[in-house]
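Structure file model.pdb (PDB, C-alpha atoms, pLDDT in the B column) follows.
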ATOM      1  CA  MET A   1     -14.347 -19.847 -10.907  1.00 46.00           C
ATOM      2  CA  ALA A   2     -13.046 -22.725 -12.948  1.00 42.00           C
ATOM      3  CA  GLY A   3     -11.007 -21.539 -15.900  1.00 45.00           C
ATOM      4  CA  VAL A   4     -11.294 -17.842 -15.141  1.00 48.00           C
ATOM      5  CA  GLY A   5      -8.547 -16.193 -13.141  1.00 45.00           C
ATOM      6  CA  GLN A   6      -5.341 -17.049 -14.943  1.00 42.00           C
ATOM      7  CA  ASP A   7      -4.063 -15.693 -18.234  1.00 44.00           C
ATOM      8  CA  ARG A   8      -2.428 -18.083 -20.656  1.00 38.00           C
ATOM      9  CA  GLY A   9       1.283 -18.325 -19.914  1.00 41.00           C
ATOM     10  CA  VAL A  10       1.275 -15.608 -17.251  1.00 41.00           C
ATOM     11  CA  LYS A  11       1.238 -16.492 -13.588  1.00 41.00           C
ATOM     12  CA  TRP A  12      -0.466 -13.693 -11.688  1.00 42.00           C
ATOM     13  CA  SER A  13       0.673 -12.683  -8.291  1.00 37.00           C
ATOM     14  CA  LEU A  14      -0.915  -9.887  -6.406  1.00 38.00           C
ATOM     15  CA  ILE A  15       1.620  -7.091  -6.542  1.00 38.00           C
ATOM     16  CA  TYR A  16      -0.476  -4.194  -5.383  1.00 39.00           C
ATOM     17  CA  ARG A  17      -4.158  -3.913  -4.510  1.00 38.00           C
ATOM     18  CA  VAL A  18      -5.959  -0.606  -4.893  1.00 38.00           C
ATOM     19  CA  ALA A  19      -9.117  -0.197  -2.840  1.00 33.00           C
ATOM     20  CA  ARG A  20      -9.125   3.592  -2.994  1.00 31.00           C
ATOM     21  CA  PHE A  21      -7.104   6.244  -4.719  1.00 26.00           C
ATOM     22  CA  VAL A  22      -3.443   5.916  -3.856  1.00 32.00           C
ATOM     23  CA  HIS A  23      -0.542   8.276  -4.312  1.00 30.00           C
ATOM     24  CA  MET A  24       0.858   7.989  -7.810  1.00 32.00           C
ATOM     25  CA  PRO A  25       4.477   7.427  -6.724  1.00 36.00           C
ATOM     26  CA  LYS A  26       3.381   3.994  -5.508  1.00 52.00           C
ATOM     27  CA  LEU A  27       2.053   3.142  -8.965  1.00 53.00           C
ATOM     28  CA  GLN A  28       4.962   4.553 -10.966  1.00 52.00           C
ATOM     29  CA  VAL A  29       6.587   1.127 -10.887  1.00 55.00           C
ATOM     30  CA  PHE A  30       3.797   0.082 -13.273  1.00 60.00           C
ATOM     31  CA  LEU A  31       3.563   3.048 -15.677  1.00 63.00           C
ATOM     32  CA  PRO A  32       5.255   6.447 -16.011  1.00 63.00           C
ATOM     33  CA  SER A  33       3.403   9.351 -14.392  1.00 64.00           C
ATOM     34  CA  LYS A  34       1.990  10.784 -17.643  1.00 70.00           C
ATOM     35  CA  VAL A  35      -0.107   7.662 -18.138  1.00 79.00           C
ATOM     36  CA  GLY A  36      -0.094   6.294 -14.595  1.00 79.00           C
ATOM     37  CA  HIS A  37      -3.502   7.791 -13.837  1.00 80.00           C
ATOM     38  CA  LEU A  38      -5.016   5.309 -16.307  1.00 88.00           C
ATOM     39  CA  LEU A  39      -4.265   2.465 -13.898  1.00 86.00           C
ATOM     40  CA  THR A  40      -6.838   3.591 -11.357  1.00 85.00           C
ATOM     41  CA  VAL A  41      -9.664   5.053 -13.454  1.00 90.00           C
ATOM     42  CA  SER A  42     -12.897   3.102 -13.243  1.00 92.00           C
ATOM     43  CA  SER A  43     -13.586   3.356 -16.959  1.00 94.00           C
ATOM     44  CA  LEU A  44     -10.545   3.047 -19.157  1.00 94.00           C
ATOM     45  CA  THR A  45     -12.849   3.684 -22.136  1.00 95.00           C
ATOM     46  CA  ALA A  46     -13.913   7.075 -20.748  1.00 95.00           C
ATOM     47  CA  ALA A  47     -10.316   8.024 -19.906  1.00 93.00           C
ATOM     48  CA  LEU A  48      -9.022   7.118 -23.367  1.00 95.00           C
ATOM     49  CA  ARG A  49     -11.881   9.029 -25.008  1.00 95.00           C
ATOM     50  CA  ALA A  50     -10.985  12.064 -22.895  1.00 93.00           C
ATOM     51  CA  SER A  51      -7.388  11.943 -24.172  1.00 90.00           C
ATOM     52  CA  GLY A  52      -8.248  14.082 -27.195  1.00 92.00           C
ATOM     53  CA  LYS A  53      -7.114  11.318 -29.515  1.00 94.00           C
ATOM     54  CA  GLU A  54      -9.393   9.266 -31.774  1.00 96.00           C
ATOM     55  CA  PHE A  55     -10.569   6.240 -29.788  1.00 97.00           C
ATOM     56  CA  SER A  56     -11.706   2.969 -31.365  1.00 98.00           C
ATOM     57  CA  VAL A  57     -12.275  -0.686 -30.487  1.00 98.00           C
ATOM     58  CA  GLU A  58     -11.217  -3.560 -32.724  1.00 97.00           C
ATOM     59  CA  PRO A  59     -12.804  -6.901 -31.831  1.00 97.00           C
ATOM     60  CA  VAL A  60     -10.347  -9.786 -32.121  1.00 96.00           C
ATOM     61  CA  TYR A  61     -12.217 -12.817 -30.799  1.00 97.00           C
ATOM     62  CA  LEU A  62     -15.555 -13.688 -29.212  1.00 97.00           C
ATOM     63  CA  GLY A  63     -16.276 -17.246 -28.169  1.00 97.00           C
ATOM     64  CA  LEU A  64     -15.069 -20.266 -26.271  1.00 96.00           C
ATOM     65  CA  THR A  65     -11.472 -21.036 -25.434  1.00 94.00           C
ATOM     66  CA  LYS A  66      -9.595 -23.179 -22.937  1.00 90.00           C
ATOM     67  CA  GLY A  67      -8.719 -21.589 -19.621  1.00 81.00           C
ATOM     68  CA  ALA A  68      -5.035 -21.669 -18.718  1.00 71.00           C
ATOM     69  CA  GLU A  69      -5.576 -22.690 -15.103  1.00 71.00           C
ATOM     70  CA  ASN A  70      -7.247 -26.055 -15.572  1.00 77.00           C
ATOM     71  CA  GLY A  71      -8.201 -26.323 -19.246  1.00 80.00           C
ATOM     72  CA  ASP A  72     -11.927 -25.776 -18.658  1.00 89.00           C
ATOM     73  CA  GLU A  73     -13.741 -23.847 -21.358  1.00 94.00           C
ATOM     74  CA  ILE A  74     -14.332 -20.148 -20.787  1.00 95.00           C
ATOM     75  CA  PHE A  75     -16.188 -17.579 -22.856  1.00 97.00           C
ATOM     76  CA  VAL A  76     -13.977 -14.624 -23.846  1.00 96.00           C
ATOM     77  CA  ARG A  77     -14.088 -11.344 -25.683  1.00 97.00           C
ATOM     78  CA  ASP A  78     -10.685 -10.133 -26.843  1.00 96.00           C
ATOM     79  CA  VAL A  79     -10.363  -6.585 -28.177  1.00 97.00           C
ATOM     80  CA  LEU A  80      -7.740  -4.020 -29.063  1.00 96.00           C
ATOM     81  CA  LEU A  81      -8.277  -0.466 -27.830  1.00 97.00           C
ATOM     82  CA  LYS A  82      -6.755   2.106 -30.145  1.00 97.00           C
ATOM     83  CA  LEU A  83      -5.824   5.766 -30.030  1.00 96.00           C
ATOM     84  CA  ASP A  84      -5.288   7.464 -33.383  1.00 95.00           C
ATOM     85  CA  GLY A  85      -5.283   4.028 -35.015  1.00 96.00           C
ATOM     86  CA  GLU A  86      -2.487   2.685 -32.777  1.00 94.00           C
ATOM     87  CA  THR A  87      -3.141  -0.273 -30.473  1.00 94.00           C
ATOM     88  CA  VAL A  88      -2.492   0.865 -26.900  1.00 94.00           C
ATOM     89  CA  ILE A  89      -4.485  -1.633 -24.817  1.00 95.00           C
ATOM     90  CA  GLN A  90      -5.289  -5.309 -25.270  1.00 95.00           C
ATOM     91  CA  ALA A  91      -8.293  -6.372 -23.218  1.00 96.00           C
ATOM     92  CA  ARG A  92      -9.810  -9.730 -22.397  1.00 95.00           C
ATOM     93  CA  SER A  93     -13.158 -10.249 -20.730  1.00 97.00           C
ATOM     94  CA  ALA A  94     -13.789 -13.793 -19.521  1.00 96.00           C
ATOM     95  CA  CYS A  95     -16.730 -15.570 -17.932  1.00 97.00           C
ATOM     96  CA  ARG A  96     -18.202 -19.020 -17.573  1.00 96.00           C
ATOM     97  CA  PRO A  97     -19.808 -20.263 -20.797  1.00 97.00           C
ATOM     98  CA  ASP A  98     -23.133 -20.734 -18.988  1.00 97.00           C
ATOM     99  CA  SER A  99     -23.220 -17.105 -17.810  1.00 97.00           C
ATOM    100  CA  ARG A 100     -26.104 -15.859 -19.948  1.00 96.00           C
ATOM    101  CA  LEU A 101     -25.928 -12.316 -18.560  1.00 97.00           C
ATOM    102  CA  TRP A 102     -22.255 -11.836 -19.422  1.00 98.00           C
ATOM    103  CA  THR A 103     -22.127 -13.751 -22.717  1.00 98.00           C
ATOM    104  CA  GLU A 104     -24.985 -11.635 -24.086  1.00 97.00           C
ATOM    105  CA  LEU A 105     -23.437  -8.381 -22.846  1.00 97.00           C
ATOM    106  CA  LEU A 106     -20.022  -9.262 -24.311  1.00 98.00           C
ATOM    107  CA  ASP A 107     -21.490  -9.730 -27.781  1.00 97.00           C
ATOM    108  CA  CYS A 108     -21.301  -5.990 -28.493  1.00 97.00           C
ATOM    109  CA  GLY A 109     -19.085  -5.735 -31.579  1.00 96.00           C
ATOM    110  CA  THR A 110     -17.101  -2.511 -31.751  1.00 97.00           C
ATOM    111  CA  GLN A 111     -19.013  -0.884 -28.899  1.00 97.00           C
ATOM    112  CA  PRO A 112     -16.682  -0.454 -25.924  1.00 97.00           C
ATOM    113  CA  LEU A 113     -17.603  -2.736 -23.041  1.00 97.00           C
ATOM    114  CA  GLY A 114     -16.899   0.185 -20.700  1.00 94.00           C
ATOM    115  CA  GLU A 115     -19.897   2.051 -22.086  1.00 94.00           C
ATOM    116  CA  ARG A 116     -22.126  -0.791 -20.992  1.00 95.00           C
ATOM    117  CA  LEU A 117     -20.435  -1.468 -17.653  1.00 96.00           C
ATOM    118  CA  PHE A 118     -20.498   2.134 -16.472  1.00 94.00           C
ATOM    119  CA  ASP A 119     -23.744   3.535 -17.875  1.00 93.00           C
ATOM    120  CA  GLY A 120     -25.413   3.062 -14.476  1.00 92.00           C
ATOM    121  CA  THR A 121     -28.076   0.612 -15.634  1.00 95.00           C
ATOM    122  CA  LEU A 122     -26.491  -2.641 -14.426  1.00 96.00           C
ATOM    123  CA  PRO A 123     -26.418  -3.793 -10.779  1.00 96.00           C
ATOM    124  CA  LEU A 124     -22.665  -4.457 -10.735  1.00 97.00           C
ATOM    125  CA  LYS A 125     -20.135  -4.814  -7.945  1.00 96.00           C
ATOM    126  CA  ARG A 126     -16.478  -4.450  -8.908  1.00 96.00           C
ATOM    127  CA  SER A 127     -13.505  -5.909  -7.077  1.00 92.00           C
ATOM    128  CA  ASP A 128     -10.336  -4.042  -6.258  1.00 87.00           C
ATOM    129  CA  PHE A 129      -7.761  -3.797  -9.026  1.00 87.00           C
ATOM    130  CA  GLU A 130      -4.823  -6.187  -9.165  1.00 84.00           C
ATOM    131  CA  PHE A 131      -1.702  -5.147 -11.058  1.00 82.00           C
ATOM    132  CA  LEU A 132       1.041  -7.061 -12.790  1.00 80.00           C
ATOM    133  CA  ARG A 133       4.317  -5.673 -14.101  1.00 74.00           C
ATOM    134  CA  PHE A 134       5.890  -7.700 -16.906  1.00 71.00           C
ATOM    135  CA  GLU A 135       9.596  -8.447 -16.975  1.00 65.00           C
ATOM    136  CA  ASN A 136      11.538  -6.825 -19.826  1.00 58.00           C
ATOM    137  CA  SER A 137       8.563  -4.564 -20.450  1.00 50.00           C
ATOM    138  CA  ASP A 138      10.693  -1.916 -22.116  1.00 54.00           C
ATOM    139  CA  HIS A 139      11.474  -4.263 -25.023  1.00 52.00           C
ATOM    140  CA  PRO A 140      10.434  -2.450 -28.243  1.00 52.00           C
ATOM    141  CA  SER A 141       7.875  -5.041 -29.330  1.00 52.00           C
ATOM    142  CA  PHE A 142       4.672  -3.945 -31.098  1.00 50.00           C
ATOM    143  CA  ARG A 143       2.207  -5.557 -28.710  1.00 60.00           C
ATOM    144  CA  ARG A 144       4.363  -6.207 -25.693  1.00 68.00           C
ATOM    145  CA  PRO A 145       2.541  -5.412 -22.448  1.00 75.00           C
ATOM    146  CA  VAL A 146       4.214  -3.129 -19.955  1.00 79.00           C
ATOM    147  CA  THR A 147       1.762  -3.827 -17.179  1.00 83.00           C
ATOM    148  CA  ALA A 148      -1.756  -5.114 -16.707  1.00 84.00           C
ATOM    149  CA  ARG A 149      -4.665  -4.533 -14.404  1.00 87.00           C
ATOM    150  CA  ARG A 150      -7.346  -7.050 -13.576  1.00 89.00           C
ATOM    151  CA  SER A 151     -10.655  -6.787 -11.796  1.00 92.00           C
ATOM    152  CA  TYR A 152     -13.826  -8.798 -11.417  1.00 94.00           C
ATOM    153  CA  PHE A 153     -17.427  -7.716 -11.882  1.00 97.00           C
ATOM    154  CA  ASP A 154     -20.259  -9.452 -10.057  1.00 97.00           C
ATOM    155  CA  TRP A 155     -23.682  -9.259 -11.706  1.00 97.00           C
ATOM    156  CA  ASN A 156     -26.278 -11.130  -9.658  1.00 96.00           C
ATOM    157  CA  GLY A 157     -23.700 -13.767  -8.716  1.00 97.00           C
ATOM    158  CA  GLU A 158     -22.270 -14.195 -12.205  1.00 97.00           C
ATOM    159  CA  ILE A 159     -18.605 -13.160 -12.479  1.00 97.00           C
ATOM    160  CA  LEU A 160     -16.747 -11.421 -15.301  1.00 97.00           C
ATOM    161  CA  GLU A 161     -12.967 -11.152 -15.219  1.00 95.00           C
ATOM    162  CA  LEU A 162     -11.638  -8.096 -17.067  1.00 96.00           C
ATOM    163  CA  THR A 163      -7.919  -7.900 -17.799  1.00 92.00           C
ATOM    164  CA  GLU A 164      -6.450  -4.866 -19.546  1.00 94.00           C
ATOM    165  CA  TYR A 165      -2.895  -5.018 -20.862  1.00 91.00           C
ATOM    166  CA  PHE A 166      -1.176  -1.633 -21.177  1.00 90.00           C
ATOM    167  CA  LEU A 167       1.134  -1.653 -24.196  1.00 89.00           C
ATOM    168  CA  LEU A 168       4.363   0.255 -24.761  1.00 85.00           C
ATOM    169  CA  LYS A 169       2.706   2.276 -27.538  1.00 88.00           C
ATOM    170  CA  LEU A 170       0.446   3.939 -24.933  1.00 88.00           C
ATOM    171  CA  ILE A 171       3.495   5.438 -23.248  1.00 81.00           C
ATOM    172  CA  ASP A 172       4.869   6.596 -26.618  1.00 80.00           C
ATOM    173  CA  LEU A 173       1.615   8.419 -27.446  1.00 79.00           C
ATOM    174  CA  TYR A 174       1.700  10.322 -24.150  1.00 74.00           C
ATOM    175  CA  ARG A 175       5.311  11.505 -24.424  1.00 71.00           C
TER     176      ARG A 175
END
Is it possible to express this structure as structure tokens?
Amino acid sequence: MAGVGQDRGVKWSLIYRVARFVHMPKLQVFLPSKVGHLLTVSSLTAALRASGKEFSVEPVYLGLTKGAENGDEIFVRDVLLKLDGETVIQARSACRPDSRLWTELLDCGTQPLGERLFDGTLPLKRSDFEFLRFENSDHPSFRRPVTARRSYFDWNGEILELTEYFLLKLIDLYR
């Protein structure tokens, strides 16, 4: 899909594809074992809510932006997922601007997108996860990603790309 599939400034390469549950030692290169299970859960929203910490969503941006791949416009929803008020995940949902199904669904304010994706009412097909490990990910920066996972949702032929960036603070909260 034009403009959806590349994140600004980050060249994705498929490091590891997960079609089914895999043994955690294979994924420990992405996140330590205490939080590694979050890489393969279907609903990150549900998993974070189950953590026992206060979960919240902070919308950052909803609208059109230029895609990094070819400069075409894409429609995005950028949010911060927080536990106990601390940002632990940055997430970006991206679709074509003419995707009425997705653009309407993404306009959900502080409601987690995961609640809508996994409530069982939408006829969705999800791709396998792709993972990316960032270089120098142990740098003590506030919003520096450690790793990311990306997947695609197909809703009647319209595609949504969902990228979730796992931040260093997530690891700190699970220590």
>> Once the PyMOL selection byres ((chain A and resi 71-83) around 7) is applied to the coordinates I shared, what remains selected? I want it as a ChimeraX atom specification.
In response: /A:2-4,53-70,84-97,106
> Of the residues A:Thr45, A:Thr40, A:Asn156, A:Ser127, which is the one nearest to Gly114 (chain A), using all atoms listed in the file?
Replying inline: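 Of A:Thr45, A:Thr40, A:Asn156, A:Ser127, the one nearest Gly114 (chain A), counting all atoms listed in the file, is A:Thr45.
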> Which polymer residues, protein or nucleic acid, are no farther than 8 Å from (-11.2, -6.8, -15.5), counting all atoms listed in the file, as an MDAnalysis selection string?
Replying inline: chainID A and resid 92:93 129 149:153 160:164
> In Å to one decimal, how far is CA of Val146 (chain A) from CA of Lys125 (chain A)?
Replying inline: 27.2 Å
>> Please list as a PyMOL selection string every residue within 8 Å of Leu170 (chain A), counting only C-alpha atoms and excluding residues in the same chain fewer than 2 positions away.
In response: chain A and resi 35+87-89+166-168+172-174
>> One number please: CA of Gly36 (chain A) to CA of Ala148 (chain A), in Å, one decimal.
In response: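 These two atoms are separated by 11.7 Å.
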> What is the CA of Asp119 (chain A)-CA of Leu44 (chain A) distance in Å, reported with one decimal?
Replying inline: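 Computing it gives 13.3 Å between the two atoms.
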> Nearest to Arg116 (chain A): which of A:Ile159, A:Ala50, A:Ser43, A:Lys34 is it, counting only C-alpha atoms?
Replying inline: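 Distance minimum relative to Arg116 (chain A) lands on A:Ser43.
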Can you give me N, CA and C atoms for region 117-132 of chain A, written as a PDB file, in the coordinates of the input?
ATOM      1  N   LEU A 117     -20.693  -1.200 -19.069  1.00 96.00           N
ATOM      2  CA  LEU A 117     -20.435  -1.468 -17.653  1.00 96.00           C
ATOM      3  C   LEU A 117     -20.705  -0.251 -16.771  1.00 96.00           C
ATOM      4  N   PHE A 118     -20.458   0.939 -17.308  1.00 94.00           N
ATOM      5  CA  PHE A 118     -20.498   2.134 -16.472  1.00 94.00           C
ATOM      6  C   PHE A 118     -21.616   3.106 -16.834  1.00 94.00           C
ATOM      7  N   ASP A 119     -22.643   2.625 -17.538  1.00 93.00           N
ATOM      8  CA  ASP A 119     -23.744   3.535 -17.875  1.00 93.00           C
ATOM      9  C   ASP A 119     -24.763   3.662 -16.745  1.00 93.00           C
ATOM     10  N   GLY A 120     -24.553   2.942 -15.649  1.00 92.00           N
ATOM     11  CA  GLY A 120     -25.413   3.062 -14.476  1.00 92.00           C
ATOM     12  C   GLY A 120     -26.671   2.211 -14.504  1.00 92.00           C
ATOM     13  N   THR A 121     -26.848   1.399 -15.531  1.00 95.00           N
ATOM     14  CA  THR A 121     -28.076   0.612 -15.634  1.00 95.00           C
ATOM     15  C   THR A 121     -27.933  -0.810 -15.105  1.00 95.00           C
ATOM     16  N   LEU A 122     -26.705  -1.264 -14.868  1.00 96.00           N
ATOM     17  CA  LEU A 122     -26.491  -2.641 -14.426  1.00 96.00           C
ATOM     18  C   LEU A 122     -26.154  -2.682 -12.936  1.00 96.00           C
ATOM     19  N   PRO A 123     -26.697  -3.665 -12.219  1.00 96.00           N
ATOM     20  CA  PRO A 123     -26.418  -3.793 -10.779  1.00 96.00           C
ATOM     21  C   PRO A 123     -25.093  -4.521 -10.538  1.00 96.00           C
ATOM     22  N   LEU A 124     -23.987  -3.833 -10.788  1.00 97.00           N
ATOM     23  CA  LEU A 124     -22.665  -4.457 -10.735  1.00 97.00           C
ATOM     24  C   LEU A 124     -21.914  -4.100  -9.459  1.00 97.00           C
ATOM     25  N   LYS A 125     -21.113  -5.055  -9.001  1.00 96.00           N
ATOM     26  CA  LYS A 125     -20.135  -4.814  -7.945  1.00 96.00           C
ATOM     27  C   LYS A 125     -18.787  -5.130  -8.554  1.00 96.00           C
ATOM     28  N   ARG A 126     -17.813  -4.240  -8.335  1.00 96.00           N
ATOM     29  CA  ARG A 126     -16.478  -4.450  -8.908  1.00 96.00           C
ATOM     30  C   ARG A 126     -15.475  -4.703  -7.791  1.00 96.00           C
ATOM     31  N   SER A 127     -14.580  -5.622  -8.039  1.00 92.00           N
ATOM     32  CA  SER A 127     -13.505  -5.909  -7.077  1.00 92.00           C
ATOM     33  C   SER A 127     -12.454  -4.808  -7.116  1.00 92.00           C
ATOM     34  N   ASP A 128     -11.518  -4.893  -6.204  1.00 87.00           N
ATOM     35  CA  ASP A 128     -10.336  -4.042  -6.258  1.00 87.00           C
ATOM     36  C   ASP A 128      -9.525  -4.419  -7.498  1.00 87.00           C
ATOM     37  N   PHE A 129      -8.669  -3.493  -7.922  1.00 87.00           N
ATOM     38  CA  PHE A 129      -7.761  -3.797  -9.026  1.00 87.00           C
ATOM     39  C   PHE A 129      -6.586  -4.624  -8.514  1.00 87.00           C
ATOM     40  N   GLU A 130      -6.094  -5.502  -9.362  1.00 84.00           N
ATOM     41  CA  GLU A 130      -4.823  -6.187  -9.165  1.00 84.00           C
ATOM     42  C   GLU A 130      -3.934  -5.756 -10.316  1.00 84.00           C
ATOM     43  N   PHE A 131      -2.635  -5.611 -10.032  1.00 82.00           N
ATOM     44  CA  PHE A 131      -1.702  -5.147 -11.058  1.00 82.00           C
ATOM     45  C   PHE A 131      -0.576  -6.147 -11.242  1.00 82.00           C
ATOM     46  N   LEU A 132      -0.078  -6.192 -12.450  1.00 80.00           N
ATOM     47  CA  LEU A 132       1.041  -7.061 -12.790  1.00 80.00           C
ATOM     48  C   LEU A 132       2.009  -6.274 -13.645  1.00 80.00           C
TER      49      LEU A 132
END
